[in-house]
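> Just final_17.cif, nothing more (mmCIF, C-alpha atoms):
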data_structure
#
loop_
_atom_site.label_atom_id
_atom_site.label_comp_id
_atom_site.auth_asym_id
_atom_site.auth_seq_id
_atom_site.Cartn_x
_atom_site.Cartn_y
_atom_site.Cartn_z
CA MET O 1 52.18 -37.88 -63.51
CA PRO O 2 50.14 -34.67 -63.35
CA ALA O 3 46.52 -34.72 -62.29
CA THR O 4 43.85 -32.14 -63.06
CA ARG O 5 42.40 -30.50 -59.96
CA THR O 6 39.38 -28.23 -60.11
CA GLN O 7 39.49 -25.33 -57.67
CA LEU O 8 36.98 -22.72 -56.65
CA ARG O 9 38.40 -19.26 -56.19
CA SER O 10 36.56 -16.35 -54.62
CA THR O 11 36.87 -12.78 -55.78
CA LYS O 12 35.29 -9.57 -54.54
CA GLU O 13 33.38 -7.72 -57.21
CA SER O 14 31.25 -4.64 -57.24
CA ILE O 15 27.84 -4.84 -58.85
CA ASP O 16 25.74 -1.65 -58.82
CA GLY O 17 27.98 -0.26 -56.08
CA HIS O 18 27.46 -3.27 -53.78
CA LYS O 19 30.37 -5.51 -52.90
CA THR O 20 29.65 -9.15 -53.59
CA ARG O 21 31.68 -12.31 -53.42
CA ALA O 22 31.80 -14.13 -56.72
CA SER O 23 33.18 -17.58 -57.25
CA ILE O 24 35.26 -18.67 -60.19
CA VAL O 25 35.88 -22.31 -60.90
CA VAL O 26 39.40 -22.81 -62.22
CA LYS O 27 40.96 -25.99 -63.55
CA GLU O 28 44.64 -26.23 -62.88
CA ILE O 29 47.23 -28.90 -63.29
CA GLN O 30 48.32 -30.29 -59.97
CA ASP O 31 51.53 -32.27 -59.88
CA LEU O 32 51.45 -35.04 -57.29
CA ALA O 33 54.98 -34.03 -56.21
CA ASP O 34 53.71 -30.51 -55.41
CA CYS O 35 51.20 -31.98 -52.95
CA ARG O 36 54.04 -33.50 -50.94
CA ILE O 37 51.86 -36.58 -50.73
CA HIS O 38 53.03 -39.82 -52.29
CA TYR O 39 50.02 -41.29 -54.08
CA PRO O 40 51.01 -44.57 -55.73
CA LEU O 41 49.56 -45.10 -59.19
CA SER O 42 51.15 -48.37 -60.31
CA GLU O 43 49.97 -51.73 -59.04
CA LYS O 44 53.49 -52.53 -57.90
CA ASP O 45 53.73 -49.33 -55.82
CA ARG O 46 50.27 -49.90 -54.37
CA ASN O 47 51.12 -53.46 -53.33
CA THR O 48 54.13 -52.25 -51.33
CA PHE O 49 52.64 -49.00 -49.97
CA LYS O 50 52.05 -48.75 -46.22
CA THR O 51 50.42 -45.92 -44.28
CA ARG O 52 52.23 -44.07 -41.47
CA ASP O 53 50.69 -46.66 -39.13
CA GLY O 54 52.32 -49.46 -41.15
CA LYS O 55 49.02 -50.71 -42.60
CA ARG O 56 48.44 -51.77 -46.18
CA VAL O 57 45.69 -50.16 -48.26
CA THR O 58 43.13 -52.66 -49.56
CA PRO O 59 42.00 -52.80 -53.21
CA HIS O 60 38.58 -51.48 -52.10
CA GLN O 61 40.22 -48.51 -50.37
CA TRP O 62 42.29 -47.75 -53.51
CA ALA O 63 39.09 -47.82 -55.59
CA VAL O 64 37.38 -45.42 -53.16
CA TYR O 65 40.39 -43.06 -53.13
CA ASP O 66 40.72 -43.09 -56.93
CA PHE O 67 37.03 -42.31 -57.38
CA THR O 68 37.02 -39.63 -54.67
CA ARG O 69 39.87 -37.83 -56.45
CA THR O 70 37.51 -37.23 -59.40
CA ILE O 71 34.88 -35.29 -57.43
CA PRO O 72 35.03 -31.68 -58.65
CA CYS O 73 35.58 -28.78 -56.30
CA GLY O 74 32.26 -27.21 -55.33
CA ARG O 75 30.37 -30.49 -55.64
CA VAL O 76 29.59 -33.36 -53.26
CA THR O 77 28.54 -36.97 -53.63
CA THR O 78 27.22 -39.59 -51.23
CA TYR O 79 28.77 -42.66 -49.65
CA LYS O 80 26.09 -44.74 -51.42
CA ASP O 81 26.74 -43.14 -54.84
CA ILE O 82 30.39 -44.11 -54.54
CA CYS O 83 29.36 -47.76 -53.92
CA VAL O 84 27.05 -47.70 -56.92
CA ALA O 85 29.72 -46.12 -59.15
CA LEU O 86 32.35 -48.64 -58.04
CA GLY O 87 29.96 -51.60 -58.13
CA GLN O 88 31.33 -52.81 -54.80
CA GLY O 89 31.20 -52.26 -51.07
CA SER O 90 28.66 -50.54 -48.86
CA PRO O 91 28.25 -46.96 -47.67
CA ARG O 92 29.87 -48.02 -44.39
CA SER O 93 32.88 -49.52 -46.16
CA VAL O 94 33.31 -46.27 -48.10
CA GLY O 95 33.08 -44.30 -44.85
CA SER O 96 35.63 -46.58 -43.24
CA ALA O 97 38.05 -46.14 -46.15
CA LEU O 98 37.67 -42.36 -46.02
CA ARG O 99 38.01 -42.24 -42.23
CA ASN O 100 41.42 -43.84 -42.73
CA ASN O 101 42.35 -41.69 -45.77
CA PRO O 102 46.15 -41.27 -45.69
CA PHE O 103 46.08 -38.96 -48.73
CA ALA O 104 44.00 -36.00 -47.54
CA PRO O 105 43.59 -33.38 -48.89
CA PHE O 106 44.72 -34.82 -52.25
CA VAL O 107 41.88 -37.34 -51.89
CA PRO O 108 39.12 -34.87 -50.90
CA CYS O 109 37.12 -36.99 -48.45
CA HIS O 110 35.34 -33.86 -47.18
CA ARG O 111 33.22 -33.91 -50.37
CA ILE O 112 31.27 -37.02 -49.31
CA ILE O 113 27.90 -36.69 -47.53
CA ALA O 114 25.11 -39.03 -46.43
CA SER O 115 22.35 -40.14 -48.84
CA ASN O 116 19.78 -38.04 -46.99
CA MET O 117 21.96 -34.98 -47.82
CA TYR O 118 23.22 -34.71 -44.22
CA ILE O 119 26.81 -33.55 -43.67
CA GLY O 120 27.78 -37.04 -42.55
CA GLY O 121 31.09 -37.80 -40.92
CA PHE O 122 34.60 -36.42 -40.82
CA PHE O 123 37.71 -37.65 -39.00
CA GLY O 124 35.71 -40.33 -37.21
CA GLU O 125 32.96 -38.00 -35.94
CA TRP O 126 29.41 -38.08 -37.27
CA GLY O 127 27.15 -35.05 -37.36
CA ILE O 128 26.73 -31.75 -35.58
CA GLY O 129 24.62 -30.43 -32.72
CA ALA O 130 21.66 -32.58 -31.68
CA ASN O 131 22.33 -34.95 -34.61
CA ALA O 132 25.88 -35.75 -33.47
CA ARG O 133 26.58 -39.41 -32.78
CA GLY O 134 29.47 -41.05 -31.01
CA GLY O 135 28.99 -40.19 -27.36
CA GLN O 136 31.22 -37.80 -25.46
CA LYS O 137 34.14 -38.19 -27.86
CA ASN O 138 32.07 -36.56 -30.62
CA THR O 139 32.51 -32.83 -30.20
CA GLY O 140 30.99 -31.98 -33.58
CA LEU O 141 34.05 -29.84 -34.28
CA GLN O 142 35.31 -32.07 -37.09
CA CYS O 143 32.00 -31.92 -38.96
CA ASN O 144 31.91 -28.16 -38.47
CA ARG O 145 35.39 -28.10 -40.01
CA LYS O 146 34.08 -30.18 -42.93
CA MET O 147 31.23 -27.69 -43.46
CA GLU O 148 33.73 -24.80 -43.40
CA MET O 149 35.90 -26.52 -46.01
CA LEU O 150 32.89 -27.11 -48.24
CA ALA O 151 31.66 -23.54 -47.72
CA LYS O 152 34.99 -22.31 -49.10
CA GLU O 153 34.22 -24.37 -52.20
CA GLY O 154 30.73 -22.86 -52.48
CA VAL O 155 28.78 -25.75 -50.92
CA ALA O 156 26.40 -24.59 -48.17
CA PHE O 157 24.52 -26.52 -45.49
CA SER O 158 21.56 -25.62 -43.29
CA LEU O 159 22.07 -24.98 -39.60
CA GLU O 160 20.85 -28.55 -39.04
CA GLY O 161 23.62 -29.89 -41.31
CA TYR O 162 21.73 -30.65 -44.54
CA LEU O 163 22.89 -29.73 -48.06
CA ALA O 164 21.26 -26.41 -48.98
CA ASP O 165 21.41 -26.80 -52.78
CA GLU O 166 20.89 -30.34 -54.08
CA SER O 167 21.98 -29.27 -57.57
CA LEU O 168 25.54 -29.48 -56.17
CA LEU O 169 25.18 -33.24 -55.79
CA TRP O 170 27.57 -34.93 -58.22
CA VAL O 171 26.94 -38.48 -59.38
CA GLY O 172 30.05 -39.63 -61.18
CA ARG O 173 30.58 -42.96 -62.83
CA CYS O 174 33.72 -45.05 -63.20
#
The structure given in the file should be rewritten as structure tokens.


Amino acid sequence: MPATRTQLRSTKESIDGHKTRASIVVKEIQDLADCRIHYPLSEKDRNTFKTRDGKRVTPHQWAVYDFTRTIPCGRVTTYKDICVALGQGSPRSVGSALRNNPFAPFVPCHRIIASNMYIGGFFGEWGIGANARGGQKNTGLQCNRKMEMLAKEGVAFSLEGYLADESLLWVGRC
């Protein structure tokens, strides 16, 4: 079953003799088979699916993954907004589901930030620089990687890790 995926593409253009980088948002059909990621859609397939670690995915995790797939490229939403849209869970339960996301990048967990517009977490790390949490194991490299991925989609953050343009905040509903 094909899914629609919105992508942001960059082009170099010349305006008044100055080279600029323009962004074009393109919708393209993305076949799940092309992703080389098996994403079960039927209830039967979901009930028998196990991650590489042999774990089952809970109904709450499926709901989070399904909703996260709808976030457009070049936009972000918050852990809390996902809870509100789903009508279940907590921001922490959403973060936990995304930390264990077996479908990345098809389920774009990098597009979720904290309610205070902070970059939030990525691959089990939280924050960058002085705001990093998690002791010595938190290098901040994963959140820097998250910011780089979002920058490629046109979403910028301050040096302190806060969303630069709040108009990019997307509040979807189920």

> Do you know which residues the PyMOL selection byres ((chain O and resi 163) around 10) returns on this file, as an NGL selection string?

:O and (76 or 113-114 or 116-119 or 147 or 155-162 or 164-169)

> In Å to one decimal, how far is CA of Pro108 in chain O from CA of Tyr65 in chain O?

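About the pair CA of Tyr65 in chain O and CA of Pro108 in chain O: they are 8.6 Å apart.
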
> Nearest to Trp62 in chain O: which of O:Leu41, O:Leu150, O:Cys83, O:Ile128 is it, counting all atoms listed in the file?

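Answer, going by the shortest atom-to-atom distance: O:Leu41.
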
> What gap, in Å, lies between CA of Glu153 in chain O and CA of Ile112 in chain O?

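Between CA of Glu153 in chain O and CA of Ile112 in chain O the gap works out to 13.3 Å.
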
> May I ask which of the residues O:Ala97, O:Cys109, O:Val171, O:Ala85 is the closest one to Arg69 in chain O, counting only C-alpha atoms?

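For Arg69 in chain O, the nearest of the candidates is O:Cys109.
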
> Smallest atom-to-atom distance to Leu98 in chain O: which of O:Gln61, O:Gly120, O:Lys152, O:Gly127, using only C-alpha atoms?

O:Gln61

> Give the answer as one residue: which of O:Pro40, O:Gly54, O:Gly121, O:Gly140 has the shortest atom-to-atom distance to Arg92 in chain O, using only C-alpha atoms?

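Using only C-alpha atoms, Arg92 in chain O sits closest to O:Gly121.
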
> Please compute the CA of Gly74 in chain O-CA of Gly154 in chain O distance, one decimal, in Å.

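According to the coordinates, CA of Gly74 in chain O and CA of Gly154 in chain O are separated by 5.4 Å.
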
> Name the residues that the PyMOL selection byres ((chain O and resi 103) around 8) pulls out of this structure, and write them as a ChimeraX atom specification.

/O:37-39,101-102,104-107

> Okay, now the selection with C-alpha atoms, as an mmCIF file, in the frame of the given file?


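Final output, saved to out10.cif:
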data_model
loop_
_atom_site.group_PDB
_atom_site.id
_atom_site.type_symbol
_atom_site.label_atom_id
_atom_site.label_comp_id
_atom_site.auth_asym_id
_atom_site.auth_seq_id
_atom_site.Cartn_x
_atom_site.Cartn_y
_atom_site.Cartn_z
ATOM 1 C CA ILE O 37 51.860 -36.580 -50.730
ATOM 2 C CA HIS O 38 53.030 -39.820 -52.290
ATOM 3 C CA TYR O 39 50.020 -41.290 -54.080
ATOM 4 C CA ASN O 101 42.350 -41.690 -45.770
ATOM 5 C CA PRO O 102 46.150 -41.270 -45.690
ATOM 6 C CA ALA O 104 44.000 -36.000 -47.540
ATOM 7 C CA PRO O 105 43.590 -33.380 -48.890
ATOM 8 C CA PHE O 106 44.720 -34.820 -52.250
ATOM 9 C CA VAL O 107 41.880 -37.340 -51.890
#

> Please write as an MDAnalysis selection string the list of polymer residues whose atoms come within 12 Å of (38.1, -39.0, -59.8), counting only C-alpha atoms and keeping to the coordinates of the file.

chainID O and resid 3:6 62:73 77 82 85:86 106:109 111 170:174

> Using only C-alpha atoms, which residue out of O:Trp126, O:Glu148, O:Ser115, O:Ser96 lies closest to His60 in chain O?

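Answer, going by the shortest atom-to-atom distance: O:Ser96.
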
> Compile the contact shell of Phe122 in chain O as a PyMOL selection string: residues with an atom at most 7 Å away, counting only C-alpha atoms, same-chain residues fewer than 4 positions apart removed.

chain O and resi 99+110+126+142-143+146
